[in-house]
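Listing of upload17.cif, mmCIF, N, CA and C atoms
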data_my_file
#
loop_
_atom_site.label_atom_id
_atom_site.label_comp_id
_atom_site.auth_asym_id
_atom_site.auth_seq_id
_atom_site.Cartn_x
_atom_site.Cartn_y
_atom_site.Cartn_z
N MET Q 1 7.58 13.43 11.53
CA MET Q 1 6.36 13.99 11.00
C MET Q 1 6.34 15.50 11.20
N GLY Q 2 6.82 15.95 12.33
CA GLY Q 2 6.84 17.38 12.60
C GLY Q 2 7.65 18.14 11.58
N ARG Q 3 8.79 17.58 11.21
CA ARG Q 3 9.66 18.24 10.23
C ARG Q 3 8.97 18.28 8.86
N ALA Q 4 8.34 17.18 8.47
CA ALA Q 4 7.63 17.13 7.18
C ALA Q 4 6.51 18.16 7.17
N ALA Q 5 5.77 18.26 8.26
CA ALA Q 5 4.68 19.22 8.35
C ALA Q 5 5.22 20.65 8.24
N ALA Q 6 6.34 20.92 8.90
CA ALA Q 6 6.94 22.25 8.85
C ALA Q 6 7.42 22.58 7.44
N ILE Q 7 8.03 21.62 6.77
CA ILE Q 7 8.51 21.85 5.41
C ILE Q 7 7.35 22.21 4.49
N LEU Q 8 6.22 21.53 4.66
CA LEU Q 8 5.06 21.75 3.79
C LEU Q 8 4.17 22.90 4.24
N GLY Q 9 4.36 23.34 5.48
CA GLY Q 9 3.50 24.39 6.00
C GLY Q 9 2.10 23.89 6.33
N VAL Q 10 2.03 22.63 6.77
CA VAL Q 10 0.75 22.02 7.15
C VAL Q 10 0.85 21.52 8.58
N THR Q 11 -0.26 21.06 9.10
CA THR Q 11 -0.24 20.51 10.45
C THR Q 11 0.07 19.01 10.39
N GLN Q 12 0.50 18.49 11.52
CA GLN Q 12 0.73 17.05 11.61
C GLN Q 12 -0.58 16.31 11.43
N ALA Q 13 -1.67 16.90 11.89
CA ALA Q 13 -2.99 16.28 11.73
C ALA Q 13 -3.34 16.12 10.24
N PHE Q 14 -2.94 17.09 9.42
CA PHE Q 14 -3.19 16.99 7.98
C PHE Q 14 -2.46 15.78 7.41
N LEU Q 15 -1.21 15.59 7.79
CA LEU Q 15 -0.46 14.44 7.30
C LEU Q 15 -1.06 13.13 7.80
N ARG Q 16 -1.54 13.12 9.04
CA ARG Q 16 -2.19 11.92 9.55
C ARG Q 16 -3.47 11.62 8.76
N THR Q 17 -4.17 12.68 8.37
CA THR Q 17 -5.39 12.51 7.57
C THR Q 17 -5.07 11.87 6.22
N LEU Q 18 -3.98 12.29 5.58
CA LEU Q 18 -3.58 11.68 4.31
C LEU Q 18 -3.18 10.23 4.50
N ASP Q 19 -2.57 9.93 5.64
CA ASP Q 19 -2.22 8.56 5.97
C ASP Q 19 -3.50 7.75 6.17
N GLY Q 20 -4.46 8.32 6.88
CA GLY Q 20 -5.73 7.64 7.12
C GLY Q 20 -6.53 7.43 5.85
N ALA Q 21 -6.38 8.36 4.90
CA ALA Q 21 -7.07 8.23 3.61
C ALA Q 21 -6.35 7.26 2.68
N ARG Q 22 -5.22 6.72 3.16
CA ARG Q 22 -4.39 5.78 2.41
C ARG Q 22 -3.78 6.38 1.15
N LEU Q 23 -3.66 7.69 1.13
CA LEU Q 23 -2.98 8.34 0.02
C LEU Q 23 -1.47 8.25 0.22
N LEU Q 24 -1.05 8.36 1.47
CA LEU Q 24 0.36 8.24 1.81
C LEU Q 24 0.52 7.10 2.81
N THR Q 25 1.54 6.31 2.62
CA THR Q 25 1.89 5.28 3.59
C THR Q 25 3.37 5.44 3.92
N PRO Q 26 3.65 6.30 4.90
CA PRO Q 26 5.05 6.57 5.22
C PRO Q 26 5.73 5.36 5.86
N GLN Q 27 7.03 5.29 5.69
CA GLN Q 27 7.82 4.29 6.39
C GLN Q 27 7.84 4.67 7.87
N ARG Q 28 8.20 3.73 8.69
CA ARG Q 28 8.29 4.00 10.13
C ARG Q 28 9.70 3.78 10.62
N SER Q 29 10.15 4.67 11.49
CA SER Q 29 11.46 4.51 12.11
C SER Q 29 11.34 3.44 13.20
N GLU Q 30 12.47 3.04 13.75
CA GLU Q 30 12.45 2.04 14.84
C GLU Q 30 11.62 2.53 16.02
N GLY Q 31 11.60 3.85 16.21
CA GLY Q 31 10.82 4.42 17.29
C GLY Q 31 9.35 4.63 16.94
N GLY Q 32 8.95 4.27 15.72
CA GLY Q 32 7.56 4.39 15.30
C GLY Q 32 7.21 5.71 14.65
N HIS Q 33 8.20 6.57 14.42
CA HIS Q 33 7.94 7.87 13.80
C HIS Q 33 7.75 7.71 12.29
N ARG Q 34 6.83 8.49 11.75
CA ARG Q 34 6.58 8.44 10.32
C ARG Q 34 7.75 9.07 9.56
N ARG Q 35 8.14 8.44 8.47
CA ARG Q 35 9.21 8.94 7.60
C ARG Q 35 8.64 9.07 6.19
N TYR Q 36 8.63 10.28 5.67
CA TYR Q 36 8.05 10.55 4.34
C TYR Q 36 9.15 10.68 3.30
N SER Q 37 8.90 10.10 2.13
CA SER Q 37 9.83 10.25 1.01
C SER Q 37 9.58 11.60 0.35
N ARG Q 38 10.50 12.02 -0.48
CA ARG Q 38 10.31 13.28 -1.21
C ARG Q 38 9.08 13.20 -2.10
N TYR Q 39 8.86 12.04 -2.71
CA TYR Q 39 7.68 11.84 -3.55
C TYR Q 39 6.40 12.02 -2.72
N GLN Q 40 6.37 11.44 -1.53
CA GLN Q 40 5.21 11.58 -0.66
C GLN Q 40 5.00 13.03 -0.23
N LEU Q 41 6.08 13.74 -0.01
CA LEU Q 41 5.96 15.16 0.35
C LEU Q 41 5.40 15.97 -0.81
N ARG Q 42 5.80 15.61 -2.04
CA ARG Q 42 5.23 16.30 -3.22
C ARG Q 42 3.74 16.02 -3.34
N ILE Q 43 3.34 14.79 -3.07
CA ILE Q 43 1.92 14.45 -3.11
C ILE Q 43 1.15 15.25 -2.06
N ALA Q 44 1.67 15.29 -0.86
CA ALA Q 44 1.01 16.02 0.22
C ALA Q 44 0.90 17.51 -0.12
N ALA Q 45 1.94 18.07 -0.71
CA ALA Q 45 1.91 19.48 -1.10
C ALA Q 45 0.85 19.70 -2.19
N ARG Q 46 0.74 18.77 -3.13
CA ARG Q 46 -0.26 18.90 -4.19
C ARG Q 46 -1.67 18.81 -3.62
N VAL Q 47 -1.90 17.91 -2.67
CA VAL Q 47 -3.21 17.81 -2.03
C VAL Q 47 -3.54 19.11 -1.31
N ARG Q 48 -2.58 19.65 -0.58
CA ARG Q 48 -2.81 20.92 0.12
C ARG Q 48 -3.17 22.02 -0.86
N GLU Q 49 -2.47 22.05 -1.99
CA GLU Q 49 -2.73 23.05 -3.04
C GLU Q 49 -4.17 22.91 -3.56
N LEU Q 50 -4.60 21.68 -3.79
CA LEU Q 50 -5.95 21.44 -4.31
C LEU Q 50 -7.02 21.79 -3.28
N ILE Q 51 -6.74 21.50 -2.01
CA ILE Q 51 -7.69 21.86 -0.95
C ILE Q 51 -7.78 23.38 -0.83
N ASP Q 52 -6.63 24.05 -0.90
CA ASP Q 52 -6.62 25.51 -0.84
C ASP Q 52 -7.39 26.13 -2.00
N ALA Q 53 -7.48 25.40 -3.13
CA ALA Q 53 -8.21 25.88 -4.30
C ALA Q 53 -9.71 25.57 -4.19
N GLY Q 54 -10.13 24.95 -3.08
CA GLY Q 54 -11.55 24.74 -2.86
C GLY Q 54 -12.04 23.32 -3.02
N ASN Q 55 -11.15 22.38 -3.27
CA ASN Q 55 -11.56 20.98 -3.39
C ASN Q 55 -11.66 20.34 -2.02
N SER Q 56 -12.53 19.35 -1.90
CA SER Q 56 -12.62 18.59 -0.66
C SER Q 56 -11.39 17.69 -0.56
N LEU Q 57 -11.15 17.16 0.63
CA LEU Q 57 -10.03 16.24 0.81
C LEU Q 57 -10.20 15.03 -0.10
N GLU Q 58 -11.40 14.47 -0.12
CA GLU Q 58 -11.66 13.31 -0.98
C GLU Q 58 -11.43 13.64 -2.44
N GLY Q 59 -11.91 14.80 -2.88
CA GLY Q 59 -11.72 15.22 -4.27
C GLY Q 59 -10.26 15.44 -4.60
N ALA Q 60 -9.54 16.08 -3.67
CA ALA Q 60 -8.12 16.34 -3.90
C ALA Q 60 -7.34 15.03 -4.00
N CYS Q 61 -7.66 14.07 -3.15
CA CYS Q 61 -6.98 12.78 -3.20
C CYS Q 61 -7.26 12.09 -4.52
N ARG Q 62 -8.49 12.15 -4.97
CA ARG Q 62 -8.85 11.50 -6.24
C ARG Q 62 -8.12 12.18 -7.40
N ILE Q 63 -8.04 13.50 -7.39
CA ILE Q 63 -7.33 14.22 -8.44
C ILE Q 63 -5.87 13.81 -8.49
N VAL Q 64 -5.24 13.73 -7.32
CA VAL Q 64 -3.82 13.35 -7.25
C VAL Q 64 -3.62 11.94 -7.80
N ILE Q 65 -4.51 11.03 -7.43
CA ILE Q 65 -4.42 9.65 -7.93
C ILE Q 65 -4.56 9.63 -9.45
N LEU Q 66 -5.53 10.37 -9.98
CA LEU Q 66 -5.73 10.41 -11.43
C LEU Q 66 -4.55 11.07 -12.14
N GLU Q 67 -3.99 12.12 -11.55
CA GLU Q 67 -2.81 12.75 -12.15
C GLU Q 67 -1.65 11.77 -12.22
N ASP Q 68 -1.48 10.99 -11.16
CA ASP Q 68 -0.40 9.99 -11.11
C ASP Q 68 -0.63 8.90 -12.16
N GLN Q 69 -1.87 8.44 -12.29
CA GLN Q 69 -2.20 7.42 -13.29
C GLN Q 69 -1.98 7.96 -14.70
N LEU Q 70 -2.35 9.22 -14.93
CA LEU Q 70 -2.14 9.83 -16.24
C LEU Q 70 -0.66 9.91 -16.57
N ALA Q 71 0.16 10.32 -15.61
CA ALA Q 71 1.60 10.41 -15.84
C ALA Q 71 2.18 9.04 -16.18
N GLU Q 72 1.74 8.01 -15.46
CA GLU Q 72 2.21 6.65 -15.76
C GLU Q 72 1.79 6.21 -17.15
N ALA Q 73 0.54 6.50 -17.53
CA ALA Q 73 0.04 6.12 -18.85
C ALA Q 73 0.80 6.87 -19.95
N GLN Q 74 1.09 8.14 -19.73
CA GLN Q 74 1.84 8.91 -20.72
C GLN Q 74 3.26 8.38 -20.87
N ALA Q 75 3.88 8.00 -19.78
CA ALA Q 75 5.24 7.44 -19.85
C ALA Q 75 5.22 6.11 -20.59
N LEU Q 76 4.25 5.27 -20.30
CA LEU Q 76 4.12 3.99 -21.00
C LEU Q 76 3.86 4.22 -22.48
N ASN Q 77 3.00 5.16 -22.79
CA ASN Q 77 2.70 5.48 -24.19
C ASN Q 77 3.96 5.93 -24.92
N ALA Q 78 4.74 6.77 -24.30
CA ALA Q 78 5.98 7.25 -24.93
C ALA Q 78 6.96 6.10 -25.16
N THR Q 79 7.06 5.20 -24.19
CA THR Q 79 7.94 4.04 -24.34
C THR Q 79 7.49 3.15 -25.49
N LEU Q 80 6.20 2.88 -25.53
CA LEU Q 80 5.66 2.03 -26.60
C LEU Q 80 5.77 2.70 -27.97
N GLN Q 81 5.55 4.02 -28.01
CA GLN Q 81 5.68 4.74 -29.28
C GLN Q 81 7.12 4.71 -29.77
N HIS Q 82 8.06 4.84 -28.86
CA HIS Q 82 9.48 4.77 -29.22
C HIS Q 82 9.82 3.39 -29.79
N ALA Q 83 9.34 2.34 -29.13
CA ALA Q 83 9.58 0.97 -29.61
C ALA Q 83 8.95 0.76 -30.97
N LEU Q 84 7.75 1.27 -31.16
CA LEU Q 84 7.06 1.15 -32.45
C LEU Q 84 7.82 1.90 -33.53
N ASP Q 85 8.28 3.09 -33.22
CA ASP Q 85 9.05 3.88 -34.20
C ASP Q 85 10.32 3.15 -34.61
N GLU Q 86 11.00 2.54 -33.64
CA GLU Q 86 12.22 1.79 -33.96
C GLU Q 86 11.92 0.56 -34.81
N HIS Q 87 10.81 -0.07 -34.53
CA HIS Q 87 10.41 -1.27 -35.28
C HIS Q 87 10.03 -0.92 -36.72
N GLU Q 88 9.39 0.23 -36.92
CA GLU Q 88 8.92 0.62 -38.24
C GLU Q 88 9.97 1.36 -39.05
N ALA Q 89 11.05 1.78 -38.42
CA ALA Q 89 12.10 2.52 -39.12
C ALA Q 89 12.75 1.62 -40.17
N PRO Q 90 12.97 2.14 -41.38
CA PRO Q 90 13.61 1.31 -42.41
C PRO Q 90 15.02 0.93 -41.98
N ASP Q 91 15.39 -0.29 -42.26
CA ASP Q 91 16.71 -0.78 -41.92
C ASP Q 91 17.70 -0.23 -42.92
N SER Q 92 18.66 0.52 -42.46
CA SER Q 92 19.63 1.16 -43.36
C SER Q 92 20.59 0.16 -43.98
N GLY Q 93 20.64 -1.07 -43.48
CA GLY Q 93 21.57 -2.06 -43.99
C GLY Q 93 21.03 -2.87 -45.16
N ARG Q 94 19.78 -2.64 -45.56
CA ARG Q 94 19.18 -3.45 -46.63
C ARG Q 94 19.22 -2.77 -47.96
#
Show me the file's structure as structure tokens.
Amino acid sequence: MGRAAAILGVTQAFLRTLDGARLLTPQRSEGGHRRYSRYQLRIAARVRELIDAGNSLEGACRIVILEDQLAEAQALNATLQHALDEHEAPDSGR
């Protein structure tokens, strides 16, 4: 946890707060130390950025969740649009 906090320029307490808010659920080492993925570190950095911009912790967490949901919806939309385009494309063999 100390290394993750140092990388992000935040306190360990900040990371514990994100864990407590259930925004991040780090893996645990055999010794019980928190292990953060790169994705989780990006989320924590984004929350810190939003807090620094004047958002509350709760607001920043909600924004990050909504941004993640939007990205997933956009990816699904692109996949479905691609499948639809392939289905509607005229068959060159006919």
Shell of 12 Å around Ala6 in chain Q, only C-alpha atoms, local chain residues under 5 positions omitted, as a PyMOL selection string: chain Q and resi 1+11-15+41+45
Write out as a PyMOL selection string the set of residues from chain Q that DSSP, computed on the backbone, places in alpha helix (DSSP H). chain Q and resi 2-8+12-20+38-52+57-88
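In this structure, atom C of Ile7 in chain Q sits 14.5 Å away from atom N of Leu50 in chain Q.
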So which residues fall inside 8 Å of (-1.8, 14.4, -7.7) if we count all atoms listed in the file? Mind giving them as a ChimeraX atom specification? /Q:42-44,46-47,60-69
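Take atom N of Gly59 in chain Q and CA of Ala73 in chain Q: the distance between them is 21.8 Å.
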State, in Å with one decimal place, the distance from CA of Arg28 in chain Q to CA of Asp52 in chain Q.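 Going from CA of Arg28 in chain Q over to CA of Asp52 in chain Q, I get 28.4 Å.
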Closest to Tyr36 in chain Q among Q:Ala4, Q:Leu18, Q:Ile51, Q:Leu80, using all atoms listed in the file?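 For Tyr36 in chain Q, the nearest of the candidates is Q:Ala4.
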Looking only at the backbone, which of the residues in chain Q does DSSP tag as strand (DSSP E or B), as a PyMOL selection string? chain Q and resi 27-28+34-35
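Minimum atom-to-atom distances from Q:Ala83, Q:Leu70, Q:Ala5, Q:Gln40 to Leu23 in chain Q were compared using only C-alpha atoms, and the lowest value belongs to Q:Gln40.
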